[in-house]
$ cat run27.cif   # mmCIF, C-alpha atoms
data_start
loop_
_atom_site.group_PDB
_atom_site.id
_atom_site.type_symbol
_atom_site.label_atom_id
_atom_site.label_comp_id
_atom_site.auth_asym_id
_atom_site.auth_seq_id
_atom_site.Cartn_x
_atom_site.Cartn_y
_atom_site.Cartn_z
ATOM 1 C CA MET V 1 81.838 115.157 77.960
ATOM 2 C CA LEU V 2 82.366 115.221 81.730
ATOM 3 C CA HIS V 3 79.835 116.418 84.278
ATOM 4 C CA PRO V 4 80.578 120.056 85.266
ATOM 5 C CA ASN V 5 81.008 118.976 88.904
ATOM 6 C CA PHE V 6 83.245 116.025 88.080
ATOM 7 C CA TYR V 7 86.511 117.767 88.913
ATOM 8 C CA ARG V 8 85.136 118.890 92.257
ATOM 9 C CA SER V 9 84.014 115.318 92.889
ATOM 10 C CA ARG V 10 87.412 113.949 91.892
ATOM 11 C CA THR V 11 89.178 116.439 94.158
ATOM 12 C CA ILE V 12 87.113 115.444 97.199
ATOM 13 C CA TYR V 13 87.637 111.730 96.596
ATOM 14 C CA SER V 14 91.369 112.095 95.873
ATOM 15 C CA GLU V 15 92.084 114.307 98.887
ATOM 16 C CA ILE V 16 90.320 111.931 101.284
ATOM 17 C CA ILE V 17 92.102 108.889 99.864
ATOM 18 C CA TYR V 18 95.450 110.706 99.886
ATOM 19 C CA LYS V 19 95.069 111.656 103.553
ATOM 20 C CA MET V 20 94.086 108.089 104.413
ATOM 21 C CA HIS V 21 97.200 106.726 102.725
ATOM 22 C CA SER V 22 99.630 109.353 103.963
ATOM 23 C CA GLY V 23 98.322 109.750 107.509
ATOM 24 C CA SER V 24 97.982 106.153 108.629
ATOM 25 C CA ASN V 25 99.865 102.909 108.324
ATOM 26 C CA VAL V 26 96.499 101.144 108.215
ATOM 27 C CA ALA V 27 95.942 102.073 104.565
ATOM 28 C CA ARG V 28 99.480 101.116 103.595
ATOM 29 C CA PHE V 29 99.132 97.803 105.391
ATOM 30 C CA LEU V 30 95.696 96.893 104.067
ATOM 31 C CA VAL V 31 95.149 98.232 100.595
ATOM 32 C CA ASN V 32 98.393 99.506 99.125
ATOM 33 C CA GLU V 33 98.453 96.507 96.834
ATOM 34 C CA THR V 34 95.510 94.960 95.000
ATOM 35 C CA ALA V 35 95.680 91.430 96.426
ATOM 36 C CA ARG V 36 95.823 92.634 100.047
ATOM 37 C CA SER V 37 92.907 94.968 99.366
ATOM 38 C CA LEU V 38 90.810 92.116 97.968
ATOM 39 C CA ILE V 39 91.654 89.797 100.875
ATOM 40 C CA ALA V 40 90.692 92.450 103.441
ATOM 41 C CA ASN V 41 87.373 93.145 101.700
ATOM 42 C CA ILE V 42 86.573 89.450 101.296
ATOM 43 C CA CYS V 43 87.093 89.071 105.053
ATOM 44 C CA ILE V 44 84.372 91.657 105.702
ATOM 45 C CA TYR V 45 82.106 90.124 103.064
ATOM 46 C CA LEU V 46 82.318 86.584 104.476
ATOM 47 C CA ASP V 47 81.695 87.863 107.999
ATOM 48 C CA SER V 48 78.464 89.524 106.855
ATOM 49 C CA TYR V 49 76.990 86.045 106.370
ATOM 50 C CA LEU V 50 78.225 84.585 109.669
ATOM 51 C CA ASP V 51 75.893 82.222 111.507
ATOM 52 C CA ILE V 52 77.741 80.629 114.445
ATOM 53 C CA ASP V 53 75.413 77.614 114.250
ATOM 54 C CA ASP V 54 76.272 77.018 110.590
ATOM 55 C CA VAL V 55 79.863 75.951 109.953
ATOM 56 C CA ARG V 56 79.419 76.705 106.239
ATOM 57 C CA SER V 57 79.025 80.435 106.929
ATOM 58 C CA GLY V 58 81.425 83.107 108.132
ATOM 59 C CA LEU V 59 85.169 83.617 107.761
ATOM 60 C CA THR V 60 87.746 80.906 108.226
ATOM 61 C CA ILE V 61 91.318 80.800 106.967
ATOM 62 C CA ARG V 62 90.618 77.685 104.881
ATOM 63 C CA LYS V 63 87.638 79.338 103.205
ATOM 64 C CA MET V 64 89.732 82.427 102.427
ATOM 65 C CA GLN V 65 92.462 80.236 100.949
ATOM 66 C CA ASN V 66 89.967 78.400 98.734
ATOM 67 C CA ILE V 67 88.313 81.602 97.466
ATOM 68 C CA CYS V 68 91.563 83.438 96.752
ATOM 69 C CA ALA V 69 93.212 80.427 95.098
ATOM 70 C CA GLU V 70 90.165 79.798 92.892
ATOM 71 C CA ARG V 71 90.132 83.407 91.704
ATOM 72 C CA ARG V 72 93.915 83.698 91.507
ATOM 73 C CA VAL V 73 93.995 86.568 93.967
ATOM 74 C CA ALA V 74 96.913 85.092 95.890
ATOM 75 C CA SER V 75 98.477 81.741 96.760
ATOM 76 C CA ARG V 76 97.226 79.750 99.740
ATOM 77 C CA GLY V 77 100.460 80.423 101.593
ATOM 78 C CA ARG V 78 100.242 84.164 101.050
ATOM 79 C CA VAL V 79 96.588 84.253 102.124
ATOM 80 C CA PHE V 80 97.422 82.330 105.292
ATOM 81 C CA ALA V 81 100.308 84.683 106.128
ATOM 82 C CA PHE V 82 98.307 87.844 105.466
ATOM 83 C CA VAL V 83 95.219 86.691 107.405
ATOM 84 C CA LYS V 84 97.419 85.727 110.369
ATOM 85 C CA MET V 85 99.080 89.132 110.149
ATOM 86 C CA LEU V 86 95.643 90.783 110.194
ATOM 87 C CA GLU V 87 94.770 88.800 113.289
ATOM 88 C CA LEU V 88 98.026 89.541 115.115
ATOM 89 C CA SER V 89 97.726 93.247 114.233
ATOM 90 C CA GLY V 90 94.218 93.557 115.651
ATOM 91 C CA TYR V 91 92.242 93.710 112.405
ATOM 92 C CA LEU V 92 90.672 90.274 112.911
ATOM 93 C CA GLU V 93 89.633 88.483 116.090
ATOM 94 C CA SER V 94 88.576 84.951 116.986
ATOM 95 C CA CYS V 95 84.911 84.087 117.278
ATOM 96 C CA SER V 96 83.695 80.896 118.969
ATOM 97 C CA ALA V 97 81.509 78.574 116.909
ATOM 98 C CA ALA V 98 78.855 76.118 118.016
ATOM 99 C CA ASP V 99 81.039 73.363 116.581
ATOM 100 C CA LYS V 100 84.348 73.658 118.434
ATOM 101 C CA ARG V 101 86.206 72.008 115.578
ATOM 102 C CA TYR V 102 85.793 75.241 113.604
ATOM 103 C CA ARG V 103 87.355 78.591 114.373
ATOM 104 C CA PHE V 104 85.768 81.692 112.899
ATOM 105 C CA LEU V 105 87.481 85.046 112.503
ATOM 106 C CA ARG V 106 85.683 88.386 112.589
ATOM 107 C CA PRO V 107 86.800 91.863 111.448
ATOM 108 C CA THR V 108 87.398 94.238 114.342
ATOM 109 C CA GLN V 109 86.378 97.892 114.410
ATOM 110 C CA LYS V 110 89.898 98.692 113.255
ATOM 111 C CA LEU V 111 89.247 97.014 109.906
ATOM 112 C CA ARG V 112 85.624 98.126 109.637
ATOM 113 C CA GLY V 113 86.635 101.712 110.384
ATOM 114 C CA TYR V 114 89.004 101.790 107.442
ATOM 115 C CA ARG V 115 86.342 100.511 105.063
ATOM 116 C CA ALA V 116 83.849 103.075 106.406
ATOM 117 C CA GLU V 117 86.346 105.865 105.713
ATOM 118 C CA LEU V 118 87.023 104.553 102.224
ATOM 119 C CA MET V 119 83.322 104.319 101.365
ATOM 120 C CA GLY V 120 82.796 107.767 102.883
ATOM 121 C CA ALA V 121 85.130 109.170 100.232
ATOM 122 C CA ILE V 122 83.035 107.539 97.504
ATOM 123 C CA TYR V 123 79.742 108.759 98.994
ATOM 124 C CA ALA V 124 81.135 112.303 99.344
ATOM 125 C CA ALA V 125 82.147 112.254 95.675
ATOM 126 C CA LEU V 126 78.673 111.012 94.704
ATOM 127 C CA ASP V 127 77.029 113.873 96.581
ATOM 128 C CA GLN V 128 78.948 116.357 94.423
ATOM 129 C CA ILE V 129 78.090 114.886 91.057
ATOM 130 C CA MET V 130 74.686 113.217 91.383
ATOM 131 C CA PRO V 131 71.706 115.620 91.313
ATOM 132 C CA ARG V 132 69.660 114.235 94.198
ATOM 133 C CA GLY V 133 72.481 113.896 96.739
ATOM 134 C CA GLY V 134 72.001 112.312 100.147
ATOM 135 C CA TYR V 135 74.590 109.564 99.588
ATOM 136 C CA VAL V 136 76.710 110.389 102.634
ATOM 137 C CA ARG V 137 73.636 110.282 104.845
ATOM 138 C CA LEU V 138 72.491 106.997 103.317
ATOM 139 C CA GLY V 139 75.938 105.414 103.462
ATOM 140 C CA SER V 140 76.222 106.145 107.171
ATOM 141 C CA ASP V 141 73.412 103.631 107.772
ATOM 142 C CA PRO V 142 75.177 100.312 108.594
ATOM 143 C CA ALA V 143 72.319 98.237 107.145
ATOM 144 C CA VAL V 144 72.477 100.105 103.825
ATOM 145 C CA ASP V 145 76.269 99.944 103.669
ATOM 146 C CA LEU V 146 76.085 96.204 104.310
ATOM 147 C CA GLN V 147 73.783 95.797 101.299
ATOM 148 C CA VAL V 148 76.099 97.882 99.123
ATOM 149 C CA MET V 149 79.077 95.785 100.172
ATOM 150 C CA ARG V 150 77.236 92.516 99.496
ATOM 151 C CA ILE V 151 76.154 93.629 96.019
ATOM 152 C CA ALA V 152 79.687 94.717 95.096
ATOM 153 C CA ALA V 153 81.164 91.489 96.456
ATOM 154 C CA ASP V 154 78.540 89.360 94.679
ATOM 155 C CA ASP V 155 79.472 91.106 91.426
ATOM 156 C CA TYR V 156 83.093 90.166 91.988
ATOM 157 C CA PHE V 157 82.295 86.546 92.856
ATOM 158 C CA ASN V 158 80.082 86.316 89.760
ATOM 159 C CA GLY V 159 83.033 87.230 87.563
ATOM 160 C CA ILE V 160 82.474 90.956 87.077
ATOM 161 C CA LEU V 161 85.824 92.739 87.100
ATOM 162 C CA LEU V 162 86.379 95.364 89.739
ATOM 163 C CA LEU V 163 85.311 98.555 88.014
ATOM 164 C CA GLU V 164 87.313 100.783 90.325
ATOM 165 C CA TRP V 165 90.646 99.717 88.783
ATOM 166 C CA HIS V 166 91.359 101.081 85.328
ATOM 167 C CA GLN V 167 93.912 98.931 83.493
ATOM 168 C CA ASP V 168 96.503 101.698 83.387
ATOM 169 C CA ILE V 169 95.973 102.399 87.091
ATOM 170 C CA LEU V 170 96.746 98.719 87.752
ATOM 171 C CA MET V 171 100.275 99.465 86.549
ATOM 172 C CA PHE V 172 100.659 101.169 89.937
ATOM 173 C CA ALA V 173 97.984 99.519 92.079
ATOM 174 C CA ASP V 174 99.333 95.986 91.545
ATOM 175 C CA ARG V 175 102.669 96.983 93.111
ATOM 176 C CA ASP V 176 103.370 97.288 96.809
ATOM 177 C CA GLY V 177 102.817 100.951 97.667
ATOM 178 C CA GLY V 178 102.172 101.750 94.023
ATOM 179 C CA TYR V 179 98.791 103.431 94.412
ATOM 180 C CA GLN V 180 100.113 105.731 97.120
ATOM 181 C CA PHE V 181 103.128 106.489 94.899
ATOM 182 C CA LEU V 182 100.729 107.452 92.083
ATOM 183 C CA LEU V 183 98.760 109.732 94.420
ATOM 184 C CA GLU V 184 102.009 111.449 95.438
ATOM 185 C CA LEU V 185 102.937 112.095 91.791
ATOM 186 C CA LEU V 186 99.485 113.478 90.982
ATOM 187 C CA ARG V 187 99.508 115.686 94.057
ATOM 188 C CA GLU V 188 102.959 117.041 93.215
ATOM 189 C CA ALA V 189 101.543 117.994 89.810
ATOM 190 C CA ASN V 190 98.560 119.758 91.474
ATOM 191 C CA PHE V 191 96.329 117.403 89.506
ATOM 192 C CA PHE V 192 93.788 117.148 92.315
ATOM 193 C CA ASP V 193 93.043 120.858 92.148
ATOM 194 C CA GLU V 194 91.845 121.395 88.594
ATOM 195 C CA PRO V 195 91.717 119.866 85.111
ATOM 196 C CA HIS V 196 94.939 120.049 83.133
ATOM 197 C CA ALA V 197 95.168 121.022 79.483
ATOM 198 C CA PHE V 198 98.845 120.040 79.431
ATOM 199 C CA CYS V 199 101.139 117.274 80.655
ATOM 200 C CA PRO V 200 102.678 118.515 83.925
ATOM 201 C CA GLN V 201 106.366 118.040 84.641
ATOM 202 C CA ILE V 202 107.471 117.608 88.247
ATOM 203 C CA ASP V 203 110.795 117.354 90.072
ATOM 204 C CA VAL V 204 110.882 114.314 92.331
ATOM 205 C CA SER V 205 113.270 113.332 95.085
ATOM 206 C CA LEU V 206 113.090 109.563 95.378
ATOM 207 C CA PHE V 207 115.068 109.768 98.601
ATOM 208 C CA ASN V 208 112.434 111.978 100.260
ATOM 209 C CA LEU V 209 109.614 109.866 98.856
ATOM 210 C CA SER V 210 111.245 106.683 100.142
ATOM 211 C CA LEU V 211 111.295 108.137 103.643
ATOM 212 C CA ARG V 212 107.687 109.315 103.424
ATOM 213 C CA LEU V 213 106.218 106.218 101.796
ATOM 214 C CA GLY V 214 108.397 103.528 103.313
ATOM 215 C CA LEU V 215 109.345 102.249 99.847
ATOM 216 C CA SER V 216 112.823 101.576 98.519
ATOM 217 C CA ARG V 217 114.178 103.800 95.776
ATOM 218 C CA SER V 218 114.874 100.785 93.559
ATOM 219 C CA HIS V 219 111.223 99.728 93.907
ATOM 220 C CA MET V 220 109.998 103.198 92.901
ATOM 221 C CA ARG V 221 112.444 103.343 89.989
ATOM 222 C CA LYS V 222 111.083 99.990 88.777
ATOM 223 C CA ILE V 223 107.501 101.354 88.886
ATOM 224 C CA LEU V 224 108.533 104.522 87.030
ATOM 225 C CA ASN V 225 110.462 102.625 84.348
ATOM 226 C CA ASP V 226 107.591 100.195 83.754
ATOM 227 C CA ALA V 227 105.095 103.068 83.565
ATOM 228 C CA ALA V 228 107.373 104.893 81.136
ATOM 229 C CA ARG V 229 107.603 101.829 78.888
ATOM 230 C CA ALA V 230 103.785 101.658 78.952
ATOM 231 C CA GLY V 231 103.590 105.286 77.773
ATOM 232 C CA LEU V 232 102.054 106.649 80.989
ATOM 233 C CA LEU V 233 104.883 109.052 81.804
ATOM 234 C CA CYS V 234 108.349 110.169 80.737
ATOM 235 C CA VAL V 235 111.378 110.059 83.019
ATOM 236 C CA ASP V 236 114.542 112.138 82.811
ATOM 237 C CA ASN V 237 116.893 111.230 85.661
ATOM 238 C CA LYS V 238 119.750 113.576 84.795
ATOM 239 C CA PRO V 239 120.794 115.443 86.833
ATOM 240 C CA LYS V 240 117.724 114.711 89.023
ATOM 241 C CA TYR V 241 114.407 113.009 88.437
ATOM 242 C CA LYS V 242 112.094 115.018 86.215
ATOM 243 C CA ILE V 243 108.846 113.223 85.501
ATOM 244 C CA THR V 244 106.318 114.246 82.865
ATOM 245 C CA LEU V 245 102.867 112.786 83.468
ATOM 246 C CA ASN V 246 101.442 111.956 80.053
ATOM 247 C CA ALA V 247 97.852 112.659 79.063
ATOM 248 C CA ARG V 248 97.127 108.921 79.009
ATOM 249 C CA LEU V 249 97.882 108.608 82.748
ATOM 250 C CA LEU V 250 95.839 111.695 83.652
ATOM 251 C CA GLU V 251 92.898 110.472 81.598
ATOM 252 C CA ALA V 252 93.216 107.009 83.128
ATOM 253 C CA PHE V 253 92.929 108.444 86.638
ATOM 254 C CA ASP V 254 89.858 110.459 85.598
ATOM 255 C CA GLU V 255 88.294 107.314 84.150
ATOM 256 C CA HIS V 256 89.193 105.381 87.301
ATOM 257 C CA VAL V 257 87.340 107.874 89.524
ATOM 258 C CA ALA V 258 84.427 108.249 87.081
ATOM 259 C CA LEU V 259 83.914 104.467 86.876
ATOM 260 C CA LEU V 260 84.054 104.198 90.649
ATOM 261 C CA ILE V 261 81.396 106.897 91.055
ATOM 262 C CA ALA V 262 79.179 105.463 88.316
ATOM 263 C CA TYR V 263 79.416 101.913 89.679
ATOM 264 C CA TYR V 264 78.338 102.774 93.222
ATOM 265 C CA ALA V 265 75.715 105.235 91.985
ATOM 266 C CA ASP V 266 74.191 102.382 89.970
ATOM 267 C CA ILE V 267 74.194 100.095 93.025
ATOM 268 C CA ILE V 268 72.496 102.650 95.255
ATOM 269 C CA ASP V 269 70.052 104.098 92.737
ATOM 270 C CA ASN V 270 69.067 101.004 90.766
ATOM 271 C CA ARG V 271 69.942 97.869 92.717
ATOM 272 C CA LEU V 272 69.667 98.644 96.411
ATOM 273 C CA GLY V 273 65.894 98.720 96.737
ATOM 274 C CA VAL V 274 66.058 101.222 99.593
ATOM 275 C CA PRO V 275 64.477 104.705 99.277
ATOM 276 C CA ARG V 276 67.162 107.351 99.502
ATOM 277 C CA PHE V 277 67.031 110.578 101.486
ATOM 278 C CA ASP V 278 65.957 113.429 99.237
ATOM 279 C CA PRO V 279 66.898 116.775 100.872
ATOM 280 C CA VAL V 280 64.157 118.698 99.070
ATOM 281 C CA ARG V 281 61.370 116.133 99.152
ATOM 282 C CA ASP V 282 61.936 114.791 102.674
ATOM 283 C CA VAL V 283 62.582 118.117 104.393
ATOM 284 C CA THR V 284 59.587 119.725 102.672
ATOM 285 C CA ALA V 285 57.360 116.800 103.666
ATOM 286 C CA SER V 286 58.578 117.020 107.244
ATOM 287 C CA GLU V 287 57.841 120.758 107.425
ATOM 288 C CA ALA V 288 54.353 120.232 105.943
ATOM 289 C CA LYS V 289 53.650 117.531 108.522
ATOM 290 C CA GLN V 290 54.687 119.856 111.371
ATOM 291 C CA THR V 291 52.509 122.650 109.959
ATOM 292 C CA ARG V 292 49.439 120.395 109.858
ATOM 293 C CA ALA V 293 50.092 119.307 113.410
ATOM 294 C CA VAL V 294 50.250 122.921 114.627
ATOM 295 C CA LYS V 295 46.951 123.716 112.857
ATOM 296 C CA GLY V 296 45.300 120.651 114.326
ATOM 297 C CA ASP V 297 44.802 119.022 110.920
ATOM 298 C CA PRO V 298 45.102 115.248 110.542
ATOM 299 C CA VAL V 299 48.705 114.192 110.096
ATOM 300 C CA GLY V 300 49.205 111.292 107.706
#
$ encode --input "run27.cif" --output "structure tokens"
Amino acid sequence: MLHPNFYRSRTIYSEIIYKMHSGSNVARFLVNETARSLIANICIYLDSYLDIDDVRSGLTIRKMQNICAERRVASRGRVFAFVKMLELSGYLESCSAADKRYRFLRPTQKLRGYRAELMGAIYAALDQIMPRGGYVRLGSDPAVDLQVMRIAADDYFNGILLLEWHQDILMFADRDGGYQFLLELLREANFFDEPHAFCPQIDVSLFNLSLRLGLSRSHMRKILNDAARAGLLCVDNKPKYKITLNARLLEAFDEHVALLIAYYADIIDNRLGVPRFDPVRDVTASEAKQTRAVKGDPVG
């Protein structure tokens, strides 16, 4: 049923995302909970339409509060607090407007850099599974990436659910630090390396994980107990934590990655309207052009 290169694609995506979450506080701060992730991405989306002469465009705190409240992403108070935290932490900066009564905010390179790294993981996974390739090269073009981001954001604003979050994955992703906790469990089970024909059992030290992830043990126990009640895993905490990852959780993560790849492949291949780099076609054409030039033939 799955593409023969899917597991390689999943491994590349998972390893990049794992390193982003484990190696930097940026990922934990920005996207280790669904609402914060949405707010950070909406900030970049609104900025892409900024016109300093048009007070209706761009990113303001009030506009963020209205959008997030309307879509039940977060309360107005939480949006205000998180946006101010982004600004104080150097992820957003002030931008003067033509009308001094308005104060725009703009994402800094610190915030844009994280998104570029995240999308790079998706493009690298696409290159492994899609036959024509060239996604990493295309995604490195800021103009193309801007179009991709606008299409994805427009889908969200038009009521299309975020395809990258499988419902069972939301059991973790909706909790503070939950997605990183899930990645740690999957990595401990060597799930990134190869497909599993069984449900792996792992020994977990919540004390060590709490130090590494910056999460309390009671918070992690709550996530594990809720996931166990949902049938995603089994927990035996005597004498120490032994966790069995059920097939439903493993399949949910596969579906999560597959949907993510398919969604962005559809945007780039069918909705972008930009010709993509074809390694065979474009390199061959370039070589033929050089050959004609050496022979003195017309180059066109």
$ residues_around --input "run27.cif" --residues "V:Val204" --least-positions-apart "3" --cutoff "9 Å" --atoms "all atoms listed in the file" --output "ChimeraX atom specification"
/V:185,188,207-209,240-243
$ resolve_selection --input "run27.cif" --expression "the PyMOL selection byres ((chain V and resi 180) around 9)" --output "list in words"
Tyr18, His21, Ser22, Arg28, Asn32, Phe172, Ala173, Gly177, Gly178, Tyr179, Phe181, Leu182, Leu183, Glu184, Leu185 and Leu213 of chain V
$ closest_residue --input "run27.cif" --among "V:Tyr156, V:Phe104, V:Tyr114, V:Tyr7" --to "V:Met20" --atoms "all atoms listed in the file"
V:Tyr114
$ resolve_selection --input "run27.cif" --expression "the PyMOL selection byres ((chain V and resi 112) around 12)" --output "PyMOL selection string"
chain V and resi 26+30+40-41+43-45+47-48+90-92+106-111+113-119+142+145-146+149
$ residues_around --input "run27.cif" --residues "stretch 263-265 of chain V" --least-positions-apart "5" --cutoff "12 Å" --atoms "all atoms listed in the file" --output "MDAnalysis selection string"
chainID V and resid 119:136 138:139 145 147:149 151:152 155 160:165 255:258 270:272 276
$ atom_distance --input "run27.cif" --atom1 "atom CA of V:Arg72" --atom2 "atom CA of V:Leu38"
11.1 Å
$ atom_distance --input "run27.cif" --atom1 "atom CA of V:Ala252" --atom2 "atom CA of V:Ile42"
26.1 Å
$ closest_residue --input "run27.cif" --among "V:Pro200, V:Asp176, V:Ser205, V:Gly231" --to "V:His219" --atoms "only C-alpha atoms"
V:Asp176
$ atom_distance --input "run27.cif" --atom1 "atom CA of V:Ala74" --atom2 "atom CA of V:Leu260"
23.6 Å
$ closest_residue --input "run27.cif" --among "V:Ile202, V:Val235, V:Leu46, V:Ala247" --to "V:Lys63" --atoms "only C-alpha atoms"
V:Leu46
$ resolve_selection --input "run27.cif" --expression "the PyMOL selection byres ((chain V and resi 77-87) around 8)" --output "mmCIF file with C-alpha atoms, keeping the file's coordinate frame"
data_model
loop_
_atom_site.group_PDB
_atom_site.id
_atom_site.type_symbol
_atom_site.label_atom_id
_atom_site.label_comp_id
_atom_site.auth_asym_id
_atom_site.auth_seq_id
_atom_site.Cartn_x
_atom_site.Cartn_y
_atom_site.Cartn_z
ATOM 1 C CA ARG V 36 95.823 92.634 100.047
ATOM 2 C CA ILE V 39 91.654 89.797 100.875
ATOM 3 C CA ILE V 61 91.318 80.800 106.967
ATOM 4 C CA MET V 64 89.732 82.427 102.427
ATOM 5 C CA GLN V 65 92.462 80.236 100.949
ATOM 6 C CA CYS V 68 91.563 83.438 96.752
ATOM 7 C CA ALA V 74 96.913 85.092 95.890
ATOM 8 C CA SER V 75 98.477 81.741 96.760
ATOM 9 C CA ARG V 76 97.226 79.750 99.740
ATOM 10 C CA LEU V 88 98.026 89.541 115.115
ATOM 11 C CA SER V 89 97.726 93.247 114.233
ATOM 12 C CA GLY V 90 94.218 93.557 115.651
ATOM 13 C CA TYR V 91 92.242 93.710 112.405
ATOM 14 C CA LEU V 92 90.672 90.274 112.911
ATOM 15 C CA GLU V 93 89.633 88.483 116.090
#
$ build_atoms --input "run27.cif" --residues "stretch 182-193 of chain V" --atoms "N, CA, C and O atoms" --output "PDB file, in the frame of the given file"
ATOM      1  N   LEU V 182     101.455 106.728  93.126  1.00  0.00           N
ATOM      2  CA  LEU V 182     100.729 107.452  92.083  1.00  0.00           C
ATOM      3  C   LEU V 182     100.053 108.691  92.648  1.00  0.00           C
ATOM      4  O   LEU V 182     100.105 109.774  92.034  1.00  0.00           O
ATOM      5  N   LEU V 183      99.411 108.576  93.806  1.00  0.00           N
ATOM      6  CA  LEU V 183      98.760 109.732  94.420  1.00  0.00           C
ATOM      7  C   LEU V 183      99.769 110.841  94.727  1.00  0.00           C
ATOM      8  O   LEU V 183      99.465 112.026  94.565  1.00  0.00           O
ATOM      9  N   GLU V 184     100.968 110.451  95.154  1.00  0.00           N
ATOM     10  CA  GLU V 184     102.009 111.449  95.438  1.00  0.00           C
ATOM     11  C   GLU V 184     102.411 112.186  94.160  1.00  0.00           C
ATOM     12  O   GLU V 184     102.582 113.412  94.165  1.00  0.00           O
ATOM     13  N   LEU V 185     102.560 111.459  93.062  1.00  0.00           N
ATOM     14  CA  LEU V 185     102.937 112.095  91.791  1.00  0.00           C
ATOM     15  C   LEU V 185     101.842 113.058  91.323  1.00  0.00           C
ATOM     16  O   LEU V 185     102.133 114.180  90.892  1.00  0.00           O
ATOM     17  N   LEU V 186     100.589 112.626  91.411  1.00  0.00           N
ATOM     18  CA  LEU V 186      99.485 113.478  90.982  1.00  0.00           C
ATOM     19  C   LEU V 186      99.362 114.714  91.870  1.00  0.00           C
ATOM     20  O   LEU V 186      99.059 115.810  91.384  1.00  0.00           O
ATOM     21  N   ARG V 187      99.598 114.541  93.138  1.00  0.00           N
ATOM     22  CA  ARG V 187      99.508 115.686  94.057  1.00  0.00           C
ATOM     23  C   ARG V 187     100.639 116.679  93.790  1.00  0.00           C
ATOM     24  O   ARG V 187     100.428 117.888  93.824  1.00  0.00           O
ATOM     25  N   GLU V 188     101.831 116.159  93.538  1.00  0.00           N
ATOM     26  CA  GLU V 188     102.959 117.041  93.215  1.00  0.00           C
ATOM     27  C   GLU V 188     102.665 117.861  91.967  1.00  0.00           C
ATOM     28  O   GLU V 188     103.121 118.995  91.824  1.00  0.00           O
ATOM     29  N   ALA V 189     101.895 117.299  91.050  1.00  0.00           N
ATOM     30  CA  ALA V 189     101.543 117.994  89.810  1.00  0.00           C
ATOM     31  C   ALA V 189     100.309 118.871  89.960  1.00  0.00           C
ATOM     32  O   ALA V 189      99.830 119.446  88.974  1.00  0.00           O
ATOM     33  N   ASN V 190      99.787 118.973  91.200  1.00  0.00           N
ATOM     34  CA  ASN V 190      98.560 119.758  91.474  1.00  0.00           C
ATOM     35  C   ASN V 190      97.381 119.250  90.647  1.00  0.00           C
ATOM     36  O   ASN V 190      96.482 120.019  90.297  1.00  0.00           O
ATOM     37  N   PHE V 191      97.380 117.966  90.346  1.00  0.00           N
ATOM     38  CA  PHE V 191      96.329 117.403  89.506  1.00  0.00           C
ATOM     39  C   PHE V 191      94.992 117.323  90.238  1.00  0.00           C
ATOM     40  O   PHE V 191      93.937 117.349  89.616  1.00  0.00           O
ATOM     41  N   PHE V 192      95.032 117.232  91.557  1.00  0.00           N
ATOM     42  CA  PHE V 192      93.788 117.148  92.315  1.00  0.00           C
ATOM     43  C   PHE V 192      92.987 118.446  92.246  1.00  0.00           C
ATOM     44  O   PHE V 192      91.773 118.453  92.424  1.00  0.00           O
ATOM     45  N   ASP V 193      93.677 119.556  92.001  1.00  0.00           N
ATOM     46  CA  ASP V 193      93.043 120.858  92.148  1.00  0.00           C
ATOM     47  C   ASP V 193      92.158 121.245  90.973  1.00  0.00           C
ATOM     48  O   ASP V 193      91.132 121.885  91.142  1.00  0.00           O
TER      49      ASP V 193
END
